[in-house]
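A quick write-up on the structure given underneath.
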Amino acid sequence: MSAPLDPKTMSDADLASHLAEVAGRILVNVRESGLFSAKALGKAGDQTANQFLCHALREVRPQDGLLSEEEKDNPDRLAMSRVWIVDPVDGTREYGEERADWAVHVGLAIDGQPAIGAVALPGLDGGTLLRSDEPRALPPAPDKLRMVISRTRPAREAVAIAERLGAELVPMGSAGAKAMAVILGQADIYLHSGGQYEWDSMAPVAVALAHGLHCSRIDGSPLVYNQSDVYLPDLLICRKEQASQMLALIAELAQADG
């Protein structure tokens, strides 16, 4: 029998990863219960995972701030250096439809920076967990680049730039699944301009940065978290050697739209 966990002595990275993994298992169990229709399943999963994550973080890190998609925002977090930012089910539609491209995000922003992140992909065979403290070797870029886009609302900018690059479009569900696809070798570029919130990108960005990827707003400015307005509408995640070209193409497109 393994030794019992002492969560109060766990590192932040271990805690984020443990929470994301356990929340993922809870969500799989809720889905496999067979008790919910697709729409009801998404709501049940969101609320169940959120309760677990928020109760656990308040128990184990009571001095830290907390921001969750499924929780009423507490402005006290704005005065805190350390703020946990979580998305209990990123890709609720995909989760409800019993697809694989959904994720659980658990991240820690320190002074507005994405310091720690864990992204669980429980829908993949056997489940996959990517951590900011355990970077993997990135697979080499293919000759023909692949750009991951929303499977339901592909951003116009992403489609236009993929055409200029001659890149293949890879439709996918949640933001976390898209960001992790670049690390897992399923895609090379994630360009999003269709609107997001801090919980959609914080943990994935922390993981992507730890893997040596470029992460920014689409105008090249940094992604800053724990803001009073949690709307963070766009981002670019790609290999560093592609970043200059991508930002230049985005700027050209914006200028043309004038």
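Numbering starts fresh at 1 for the residues of each chain in the structure tokens, the chains themselves are lettered A, B, ... in the order given, and ligands are numbered from 1 as they appear.
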Residues at most 8 Å from Val89 in chain A, counting only C-alpha atoms, excluding those fewer than 6 positions away in the same chain, as an mmCIF file with N, CA and C atoms, in the first residue's frame?
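Result file is part-v7.cif:
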data_model
loop_
_atom_site.group_PDB
_atom_site.id
_atom_site.type_symbol
_atom_site.label_atom_id
_atom_site.label_comp_id
_atom_site.auth_asym_id
_atom_site.auth_seq_id
_atom_site.Cartn_x
_atom_site.Cartn_y
_atom_site.Cartn_z
ATOM 1 N N GLY A 45 -20.970 17.204 -15.056
ATOM 2 C CA GLY A 45 -19.521 17.084 -14.984
ATOM 3 C C GLY A 45 -18.864 18.367 -14.531
ATOM 4 N N ASP A 46 -19.272 19.490 -15.115
ATOM 5 C CA ASP A 46 -18.719 20.794 -14.730
ATOM 6 C C ASP A 46 -18.880 21.031 -13.234
ATOM 7 N N ALA A 49 -16.836 18.351 -10.927
ATOM 8 C CA ALA A 49 -15.390 18.582 -10.930
ATOM 9 C C ALA A 49 -15.047 19.908 -10.267
ATOM 10 N N TYR A 95 -17.013 16.879 -23.961
ATOM 11 C CA TYR A 95 -17.209 15.945 -22.852
ATOM 12 C C TYR A 95 -18.614 15.342 -22.905
ATOM 13 N N TRP A 102 -11.332 16.949 -24.792
ATOM 14 C CA TRP A 102 -11.680 17.834 -23.690
ATOM 15 C C TRP A 102 -10.589 17.712 -22.640
ATOM 16 N N ALA A 103 -10.561 18.634 -21.691
ATOM 17 C CA ALA A 103 -9.426 18.687 -20.769
ATOM 18 C C ALA A 103 -9.846 19.220 -19.409
ATOM 19 N N VAL A 104 -8.964 19.016 -18.444
ATOM 20 C CA VAL A 104 -9.075 19.633 -17.115
ATOM 21 C C VAL A 104 -7.844 20.517 -16.932
ATOM 22 N N HIS A 105 -8.059 21.779 -16.577
ATOM 23 C CA HIS A 105 -6.955 22.729 -16.393
ATOM 24 C C HIS A 105 -6.806 23.090 -14.917
#
Can you list, as a list in words, every protein, DNA or RNA residue that comes within 8 Å of range 198-204 of chain A when you count only C-alpha atoms, leaving out same-chain residues fewer than 3 positions away?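 Here the qualifying residues turn out to be Leu67, Ser68, Glu69, Ile85, Val86, Asp87, Asp90, His105, Val106, Gly107, Leu108, Ala109, Pro114, Ile116, Gly117, Ala118, Val119, Ala175, Gly176, Ala179, Met180, Val207, Ala208, Tyr225, Asn226, Val230, Tyr231 and Leu232 of chain A.
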Which residue gives the smallest distance to Met172 in chain A among A:Asp101, A:Glu134, A:Glu252, A:Asp64, with only C-alpha atoms counted?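 Among the listed residues, the smallest separation from Met172 in chain A belongs to A:Asp101.
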Sel. of strand (DSSP E or B) residues, range 196-231 of chain A, as an MDAnalysis selection string: chainID A and resid 197 214:216 231
Find the residues around Leu184 in chain A up to 9 Å (only C-alpha atoms counted), leave out those fewer than 6 positions away in its own chain, and share them as a ChimeraX atom specification. /A:136,138-139
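With only C-alpha atoms as the atoms that count, the residue of A:Lys72, A:Lys43, A:Arg77, A:Arg61 with the shortest distance to Ser11 in chain A is A:Arg61.
Proximity ranking of A:Val205, A:Ala254, A:Ile183, A:Cys54 relative to Ala115 in chain A places A:Val205 first, based on only C-alpha atoms.
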Provide the CA of Gly123 in chain A to CA of Gln186 in chain A distance in Å, to one decimal place. 15.5 Å
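When only C-alpha atoms are used to compute distances to Arg131 in chain A, the closest of the residues A:Gln255, A:Gln242, A:Ser17, A:Ser221 turns out to be A:Ser17.
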Residue with the minimum atom-to-atom distance to Val182 in chain A, picked from A:Val28, A:Val60, A:Ile250, A:Ala137 with only C-alpha atoms counted, is A:Ala137
Choose the residue, out of A:Asn74, A:Ser150, A:Asn50, A:Ser81, that has the smallest atom-to-atom separation from Ile110 in chain A; count only C-alpha atoms.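 The closest residue to Ile110 in chain A is A:Ser81.
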Among range 1-99 of chain A, which residues carry a DSSP assignment of alpha helix (DSSP H), reported as a PyMOL selection string? chain A and resi 12-32+38-60+92-96
